[in-house]
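Structure file data-v4.cif; described as mmCIF, C-alpha atoms.
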```cif
data_input
#
loop_
_atom_site.group_PDB
_atom_site.id
_atom_site.type_symbol
_atom_site.label_atom_id
_atom_site.label_comp_id
_atom_site.auth_asym_id
_atom_site.auth_seq_id
_atom_site.Cartn_x
_atom_site.Cartn_y
_atom_site.Cartn_z
ATOM 1 C CA MET A 140 3.852 -15.969 -13.945
ATOM 2 C CA ILE A 141 3.943 -18.147 -10.809
ATOM 3 C CA LYS A 142 0.935 -17.564 -8.580
ATOM 4 C CA GLN A 143 1.956 -16.041 -5.247
ATOM 5 C CA LYS A 144 0.242 -14.834 -2.111
ATOM 6 C CA ILE A 145 0.667 -11.065 -2.147
ATOM 7 C CA VAL A 146 -0.364 -8.790 0.711
ATOM 8 C CA ILE A 147 -0.664 -5.089 -0.096
ATOM 9 C CA ILE A 148 -0.708 -2.724 2.869
ATOM 10 C CA GLY A 149 -2.596 0.437 1.992
ATOM 11 C CA ALA A 150 -5.629 1.083 -0.210
ATOM 12 C CA GLY A 151 -4.617 4.389 -1.727
ATOM 13 C CA ILE A 152 -3.988 4.875 -5.450
ATOM 14 C CA VAL A 153 -0.675 2.965 -5.310
ATOM 15 C CA GLY A 154 -2.086 -0.011 -3.422
ATOM 16 C CA ALA A 155 -5.221 -0.106 -5.581
ATOM 17 C CA SER A 156 -3.216 0.019 -8.801
ATOM 18 C CA MET A 157 -0.910 -2.772 -7.592
ATOM 19 C CA ALA A 158 -3.926 -4.864 -6.577
ATOM 20 C CA TYR A 159 -5.622 -4.422 -9.960
ATOM 21 C CA HIS A 160 -2.584 -5.258 -12.083
ATOM 22 C CA LEU A 161 -1.494 -8.196 -9.916
ATOM 23 C CA ALA A 162 -4.985 -9.694 -9.616
ATOM 24 C CA LYS A 163 -5.388 -9.362 -13.376
ATOM 25 C CA ARG A 164 -2.284 -11.564 -13.659
ATOM 26 C CA ASN A 165 -3.922 -14.270 -11.537
ATOM 27 C CA GLN A 166 -2.060 -13.518 -8.322
ATOM 28 C CA ASP A 167 -3.569 -14.219 -4.891
ATOM 29 C CA VAL A 168 -3.960 -10.628 -3.694
ATOM 30 C CA THR A 169 -5.126 -9.293 -0.328
ATOM 31 C CA VAL A 170 -5.300 -5.546 0.344
ATOM 32 C CA ILE A 171 -5.256 -4.347 3.963
ATOM 33 C CA GLU A 172 -6.533 -0.873 4.820
ATOM 34 C CA ARG A 173 -6.875 0.607 8.314
ATOM 35 C CA HIS A 174 -9.676 2.972 7.297
ATOM 36 C CA PRO A 175 -13.262 1.904 6.551
ATOM 37 C CA GLU A 176 -12.922 3.111 2.933
ATOM 38 C CA ALA A 177 -10.243 3.428 0.273
ATOM 39 C CA ALA A 178 -8.192 6.539 -0.501
ATOM 40 C CA ARG A 179 -8.620 8.210 2.868
ATOM 41 C CA GLU A 180 -5.088 9.497 3.383
ATOM 42 C CA VAL A 181 -2.673 11.058 0.858
ATOM 43 C CA THR A 182 -4.684 9.956 -2.180
ATOM 44 C CA GLU A 183 -7.812 11.773 -1.042
ATOM 45 C CA LYS A 184 -5.831 14.990 -0.605
ATOM 46 C CA SER A 185 -3.773 14.736 -3.778
ATOM 47 C CA PHE A 186 -3.868 17.133 -6.716
ATOM 48 C CA ALA A 187 -4.654 14.148 -8.983
ATOM 49 C CA TRP A 188 -2.944 15.872 -11.877
ATOM 50 C CA ILE A 189 -1.405 13.805 -14.684
ATOM 51 C CA HIS A 190 1.399 16.010 -15.950
ATOM 52 C CA THR A 191 4.905 16.122 -17.411
ATOM 53 C CA THR A 192 5.864 19.757 -17.239
ATOM 54 C CA HIS A 193 6.262 21.173 -13.749
ATOM 55 C CA ARG A 194 8.594 20.867 -10.779
ATOM 56 C CA VAL A 195 9.865 17.357 -11.327
ATOM 57 C CA ALA A 196 13.508 16.372 -10.836
ATOM 58 C CA PRO A 197 15.145 15.477 -14.185
ATOM 59 C CA ASP A 198 15.832 11.929 -12.996
ATOM 60 C CA TYR A 199 12.075 11.344 -12.870
ATOM 61 C CA TRP A 200 11.047 12.961 -16.160
ATOM 62 C CA HIS A 201 10.900 9.616 -17.958
ATOM 63 C CA LEU A 202 8.478 8.279 -15.342
ATOM 64 C CA TYR A 203 6.129 11.216 -15.783
ATOM 65 C CA ASP A 204 6.279 10.833 -19.564
ATOM 66 C CA ALA A 205 5.508 7.120 -19.255
ATOM 67 C CA SER A 206 2.599 7.839 -16.914
ATOM 68 C CA LEU A 207 0.722 9.627 -19.690
ATOM 69 C CA GLU A 208 0.934 6.551 -21.892
ATOM 70 C CA GLU A 209 -0.017 4.255 -19.019
ATOM 71 C CA TYR A 210 -3.106 6.299 -18.188
ATOM 72 C CA HIS A 211 -4.219 6.218 -21.827
ATOM 73 C CA THR A 212 -3.730 2.445 -21.813
ATOM 74 C CA LEU A 213 -5.675 2.123 -18.555
ATOM 75 C CA GLN A 214 -8.505 4.214 -19.982
ATOM 76 C CA GLN A 215 -8.744 1.820 -22.933
ATOM 77 C CA GLU A 216 -8.907 -1.141 -20.529
ATOM 78 C CA LEU A 217 -11.481 0.556 -18.290
ATOM 79 C CA PRO A 218 -13.844 2.706 -20.382
ATOM 80 C CA GLU A 219 -15.652 3.824 -17.220
ATOM 81 C CA LEU A 220 -12.471 5.545 -16.028
ATOM 82 C CA LYS A 221 -12.969 9.309 -16.306
ATOM 83 C CA ILE A 222 -9.817 11.210 -17.200
ATOM 84 C CA HIS A 223 -10.193 14.860 -18.153
ATOM 85 C CA TRP A 224 -7.549 15.516 -20.801
ATOM 86 C CA ASN A 225 -8.205 19.255 -20.904
ATOM 87 C CA GLY A 226 -4.655 20.506 -20.577
ATOM 88 C CA ALA A 227 -3.185 23.240 -18.396
ATOM 89 C CA LEU A 228 -2.318 26.916 -18.566
ATOM 90 C CA THR A 229 0.718 28.181 -16.644
ATOM 91 C CA TRP A 230 2.112 31.674 -16.204
ATOM 92 C CA ASP A 231 4.439 33.618 -13.886
ATOM 93 C CA THR A 232 6.080 30.354 -12.796
ATOM 94 C CA PRO A 233 7.780 28.902 -15.876
ATOM 95 C CA PRO A 234 7.793 25.115 -16.300
ATOM 96 C CA LEU A 235 11.105 23.412 -15.671
ATOM 97 C CA ARG A 236 10.940 21.525 -18.944
ATOM 98 C CA GLU A 237 10.768 22.821 -22.478
ATOM 99 C CA GLN A 238 9.006 20.456 -24.850
ATOM 100 C CA PRO A 239 8.069 20.809 -28.537
ATOM 101 C CA HIS A 240 4.378 20.344 -27.752
ATOM 102 C CA PHE A 241 4.286 23.341 -25.399
ATOM 103 C CA GLN A 242 2.332 26.248 -26.860
ATOM 104 C CA LYS A 243 3.196 29.808 -25.859
ATOM 105 C CA LEU A 244 0.001 31.859 -26.047
ATOM 106 C CA ASN A 245 -0.348 35.642 -26.096
ATOM 107 C CA ARG A 246 -3.057 37.612 -24.334
ATOM 108 C CA GLU A 247 -5.474 37.511 -27.280
ATOM 109 C CA GLN A 248 -5.150 33.736 -27.584
ATOM 110 C CA LEU A 249 -5.678 33.342 -23.832
ATOM 111 C CA GLU A 250 -8.890 35.336 -23.968
ATOM 112 C CA VAL A 251 -10.223 32.940 -26.600
ATOM 113 C CA LEU A 252 -9.066 29.840 -24.738
ATOM 114 C CA GLU A 253 -10.217 30.909 -21.265
ATOM 115 C CA PRO A 254 -12.690 33.791 -21.602
ATOM 116 C CA ASN A 255 -13.735 33.910 -17.938
ATOM 117 C CA LEU A 256 -10.480 34.985 -16.307
ATOM 118 C CA LEU A 257 -10.596 38.306 -14.469
ATOM 119 C CA ASP A 258 -6.968 39.205 -15.166
ATOM 120 C CA TYR A 259 -4.810 37.990 -18.042
ATOM 121 C CA PRO A 260 -1.033 37.707 -18.250
ATOM 122 C CA ASP A 261 0.749 38.955 -21.347
ATOM 123 C CA GLU A 262 1.604 35.362 -22.214
ATOM 124 C CA ALA A 263 1.253 31.854 -20.785
ATOM 125 C CA MET A 264 2.265 28.278 -21.560
ATOM 126 C CA TYR A 265 -0.418 25.838 -22.675
ATOM 127 C CA VAL A 266 0.052 22.061 -22.609
ATOM 128 C CA SER A 267 -2.919 20.226 -24.091
ATOM 129 C CA GLU A 268 -1.781 16.686 -23.193
ATOM 130 C CA GLU A 269 -2.164 16.991 -19.434
ATOM 131 C CA GLY A 270 -5.183 15.804 -17.483
ATOM 132 C CA ALA A 271 -6.743 15.098 -14.111
ATOM 133 C CA VAL A 272 -8.778 12.426 -12.366
ATOM 134 C CA ASP A 273 -10.951 12.175 -9.289
ATOM 135 C CA PRO A 274 -8.494 10.453 -6.897
ATOM 136 C CA ILE A 275 -11.115 8.648 -4.816
ATOM 137 C CA GLU A 276 -13.127 7.559 -7.833
ATOM 138 C CA ILE A 277 -10.168 6.022 -9.673
ATOM 139 C CA THR A 278 -8.927 4.269 -6.514
ATOM 140 C CA GLU A 279 -12.320 2.719 -5.834
ATOM 141 C CA LEU A 280 -12.635 1.689 -9.477
ATOM 142 C CA LEU A 281 -9.263 -0.091 -9.441
ATOM 143 C CA LEU A 282 -10.116 -1.892 -6.205
ATOM 144 C CA ASN A 283 -13.483 -3.019 -7.555
ATOM 145 C CA LYS A 284 -11.849 -4.324 -10.716
ATOM 146 C CA ALA A 285 -9.238 -6.099 -8.612
ATOM 147 C CA ARG A 286 -12.055 -7.797 -6.683
ATOM 148 C CA GLU A 287 -13.558 -8.962 -9.977
ATOM 149 C CA TYR A 288 -10.260 -10.734 -10.631
ATOM 150 C CA GLY A 289 -10.386 -12.376 -7.207
ATOM 151 C CA ALA A 290 -8.557 -9.918 -4.953
ATOM 152 C CA LYS A 291 -9.669 -9.572 -1.333
ATOM 153 C CA VAL A 292 -9.867 -6.239 0.489
ATOM 154 C CA GLN A 293 -9.908 -5.940 4.282
ATOM 155 C CA PHE A 294 -11.010 -2.523 5.561
ATOM 156 C CA ASP A 295 -10.853 -1.425 9.211
ATOM 157 C CA THR A 296 -7.795 -3.619 9.635
ATOM 158 C CA ASN A 297 -4.538 -2.502 11.241
ATOM 159 C CA VAL A 298 -1.184 -4.084 10.433
ATOM 160 C CA THR A 299 0.678 -4.479 13.700
ATOM 161 C CA GLN A 300 3.851 -6.287 12.611
ATOM 162 C CA LEU A 301 5.683 -7.735 9.621
ATOM 163 C CA GLN A 302 6.766 -11.336 10.171
ATOM 164 C CA GLN A 303 10.291 -12.090 9.009
ATOM 165 C CA GLU A 304 12.099 -15.424 8.751
ATOM 166 C CA GLY A 305 15.739 -15.038 7.840
ATOM 167 C CA SER A 306 15.882 -12.493 5.031
ATOM 168 C CA ARG A 307 12.298 -13.100 3.891
ATOM 169 C CA LEU A 308 8.993 -11.610 4.893
ATOM 170 C CA VAL A 309 6.560 -14.474 5.357
ATOM 171 C CA GLY A 310 3.443 -12.634 6.454
ATOM 172 C CA VAL A 311 1.812 -9.823 8.369
ATOM 173 C CA HIS A 312 0.141 -9.660 11.767
ATOM 174 C CA THR A 313 -3.091 -7.688 11.701
ATOM 175 C CA SER A 314 -5.888 -6.751 14.060
ATOM 176 C CA ASN A 315 -7.863 -9.560 12.404
ATOM 177 C CA GLY A 316 -5.145 -12.208 12.655
ATOM 178 C CA PHE A 317 -2.073 -13.407 10.776
ATOM 179 C CA LEU A 318 -1.841 -13.435 6.976
ATOM 180 C CA GLU A 319 0.763 -15.622 5.317
ATOM 181 C CA SER A 320 2.374 -14.149 2.227
ATOM 182 C CA ASP A 321 5.077 -14.700 -0.349
ATOM 183 C CA VAL A 322 5.328 -10.976 -1.099
ATOM 184 C CA VAL A 323 4.432 -7.923 0.987
ATOM 185 C CA VAL A 324 3.866 -4.604 -0.779
ATOM 186 C CA LEU A 325 4.140 -1.540 1.464
ATOM 187 C CA ALA A 326 1.860 1.174 0.075
ATOM 188 C CA ALA A 327 1.111 2.855 3.393
ATOM 189 C CA GLY A 328 2.906 6.153 2.832
ATOM 190 C CA ALA A 329 4.164 7.719 6.046
ATOM 191 C CA GLY A 330 3.160 4.560 7.918
ATOM 192 C CA VAL A 331 5.911 2.527 6.242
ATOM 193 C CA PRO A 332 8.774 3.480 8.651
ATOM 194 C CA GLU A 333 6.804 2.231 11.660
ATOM 195 C CA LEU A 334 6.502 -1.186 10.012
ATOM 196 C CA CYS A 335 10.074 -1.374 8.758
ATOM 197 C CA ASN A 336 12.028 0.046 11.708
ATOM 198 C CA PRO A 337 11.607 -3.073 13.924
ATOM 199 C CA LEU A 338 13.209 -5.121 11.132
ATOM 200 C CA GLY A 339 16.258 -2.866 11.028
ATOM 201 C CA TYR A 340 15.339 -1.242 7.712
ATOM 202 C CA PRO A 341 14.785 2.491 8.250
ATOM 203 C CA VAL A 342 12.781 4.036 5.418
ATOM 204 C CA PRO A 343 13.108 7.848 5.103
ATOM 205 C CA VAL A 344 9.433 8.620 4.473
ATOM 206 C CA THR A 345 7.906 11.584 6.287
ATOM 207 C CA SER A 346 4.677 13.519 6.054
ATOM 208 C CA SER A 347 4.512 16.694 3.991
ATOM 209 C CA PRO A 348 2.219 19.321 5.549
ATOM 210 C CA THR A 349 -0.020 21.068 3.036
ATOM 211 C CA ILE A 350 -2.920 23.447 2.797
ATOM 212 C CA LEU A 351 -5.894 22.096 0.870
ATOM 213 C CA ILE A 352 -8.242 24.628 -0.730
ATOM 214 C CA ARG A 353 -11.402 23.544 -2.569
ATOM 215 C CA MET A 354 -13.543 25.907 -4.607
ATOM 216 C CA LYS A 355 -16.640 25.520 -6.735
ATOM 217 C CA SER A 356 -17.677 27.750 -9.586
ATOM 218 C CA THR A 357 -21.265 28.870 -10.056
ATOM 219 C CA SER A 358 -21.465 27.298 -13.519
ATOM 220 C CA ARG A 359 -19.557 24.944 -15.799
ATOM 221 C CA ARG A 360 -19.264 25.196 -19.567
ATOM 222 C CA LYS A 361 -19.381 21.559 -20.600
ATOM 223 C CA THR A 362 -19.042 22.250 -24.301
ATOM 224 C CA ASP A 363 -15.675 24.002 -24.161
ATOM 225 C CA GLN A 364 -13.148 21.199 -23.751
ATOM 226 C CA ARG A 365 -10.221 23.604 -24.078
ATOM 227 C CA ARG A 366 -10.741 25.154 -20.674
ATOM 228 C CA LEU A 367 -8.742 24.324 -17.572
ATOM 229 C CA VAL A 368 -9.946 21.068 -16.056
ATOM 230 C CA SER A 369 -12.507 21.634 -13.338
ATOM 231 C CA GLU A 370 -10.832 19.150 -10.997
ATOM 232 C CA ARG A 371 -7.686 21.195 -11.089
ATOM 233 C CA SER A 372 -9.642 24.283 -10.145
ATOM 234 C CA THR A 373 -11.398 22.605 -7.229
ATOM 235 C CA ARG A 374 -8.535 20.641 -5.717
ATOM 236 C CA CYS A 375 -5.596 22.992 -5.163
ATOM 237 C CA VAL A 376 -2.677 22.081 -2.920
ATOM 238 C CA ALA A 377 -0.040 24.561 -1.790
ATOM 239 C CA VAL A 378 3.010 23.323 0.087
#
```
So, in terms of structure tokens, how does the structure I just supplied come out?
Amino acid sequence: MIKQKIVIIGAGIVGASMAYHLAKRNQDVTVIERHPEAAREVTEKSFAWIHTTHRVAPDYWHLYDASLEEYHTLQQELPELKIHWNGALTWDTPPLREQPHFQKLNREQLEVLEPNLLDYPDEAMYVSEEGAVDPIEITELLLNKAREYGAKVQFDTNVTQLQQEGSRLVGVHTSNGFLESDVVVLAAGAGVPELCNPLGYPVPVTSSPTILIRMKSTSRRKTDQRRLVSERSTRCVAV
């Protein structure tokens, strides 16, 4: 792989993952983030749920399936990465996909699996393969590993303009000066249109308002790995 200067705009989970995998392949990587820390926009507020079963358009099913394998591979590469593969229970809202590994549980089975629920449905779907991560923790881990491979990260830095010559992007103007690049990766979420519009490339990315509710239980049963993952209980997003 030819070594290139790659500028990644945005230090969320996407930018951090790109930085890690590119730096690991001996690329000259620089990550630019406008906030003083990583994962302070969409990533921080995400559900951080690794799943294959719920409201996903059929065209993207193969990506969600592949993500499970990729996360297992990443966990083998980075043993310090904490992924809680505790599965998920779903009822009332049926999953959009039917898979052989789905388990339909009756009320008695649910009481054994999750004995602390106040009210039980007559039946629910259980998928043991799904998991969750701490979104900030995994982003910071990937960035730190990218640094170990030589990547540079600039926090508190605003990108003001993309520099184009002909049909190529040749660099980015920032609040700390100009950065030359062979490749520019836009991982800035809803900030991407503002960067692309002056070049005549409208990108239809908009914000998605949500309500974020966080709850903590009074105790955690660490020995029962069959329970719902705690991260899923404490980081709930409703659109």
Review point. Written as a ChimeraX atom specification, what is the full residue list that the PyMOL selection byres ((chain A and resi 272-274) around 12) yields on the file shown?
Key: /A:150-153,155-156,177-190,210,214,220-225,269-271,275-281,368-371,373-374
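In this structure, CA of Thr313 (chain A) sits 21.8 Å away from CA of Val344 (chain A).
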Review point. Any chance you could work out the residue set of the PyMOL selection byres ((chain A and resi 242) around 10) here, as a VMD selection string?
Key: chain A and resid 228 238 to 241 243 to 245 263 to 267
Exercise for review: Pull out every residue that the PyMOL selection byres ((chain A and resi 161) around 12) matches in the shown coordinates and put them as number ranges by chain.
Suggested key: A: 140-147, 154-160, 162-170, 281-282, 284-286, 288-291, 322, 324
**Study point:** Contacts of Arg173 (chain A) within 6 Å, all atoms listed in the file, excl. fewer than 3 positions in-chain, as an NGL selection string
**Key:** :A and (294-297)
Check your understanding: Of the candidates A:Leu213, A:Val298, A:Leu207, A:Val311, which one gets nearest to Val323 (chain A) if we count only C-alpha atoms?
Key ->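 Closest to Val323 (chain A), using only C-alpha atoms: A:Val311.
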Exercise for review: Check the smallest atom-to-atom distance from each of A:Val331, A:Val309, A:Val342, A:Pro348 to Gly149 (chain A) using only C-alpha atoms, then report the winner.
Suggested key: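 Of A:Val331, A:Val309, A:Val342, A:Pro348, the one nearest Gly149 (chain A), counting only C-alpha atoms, is A:Val331.
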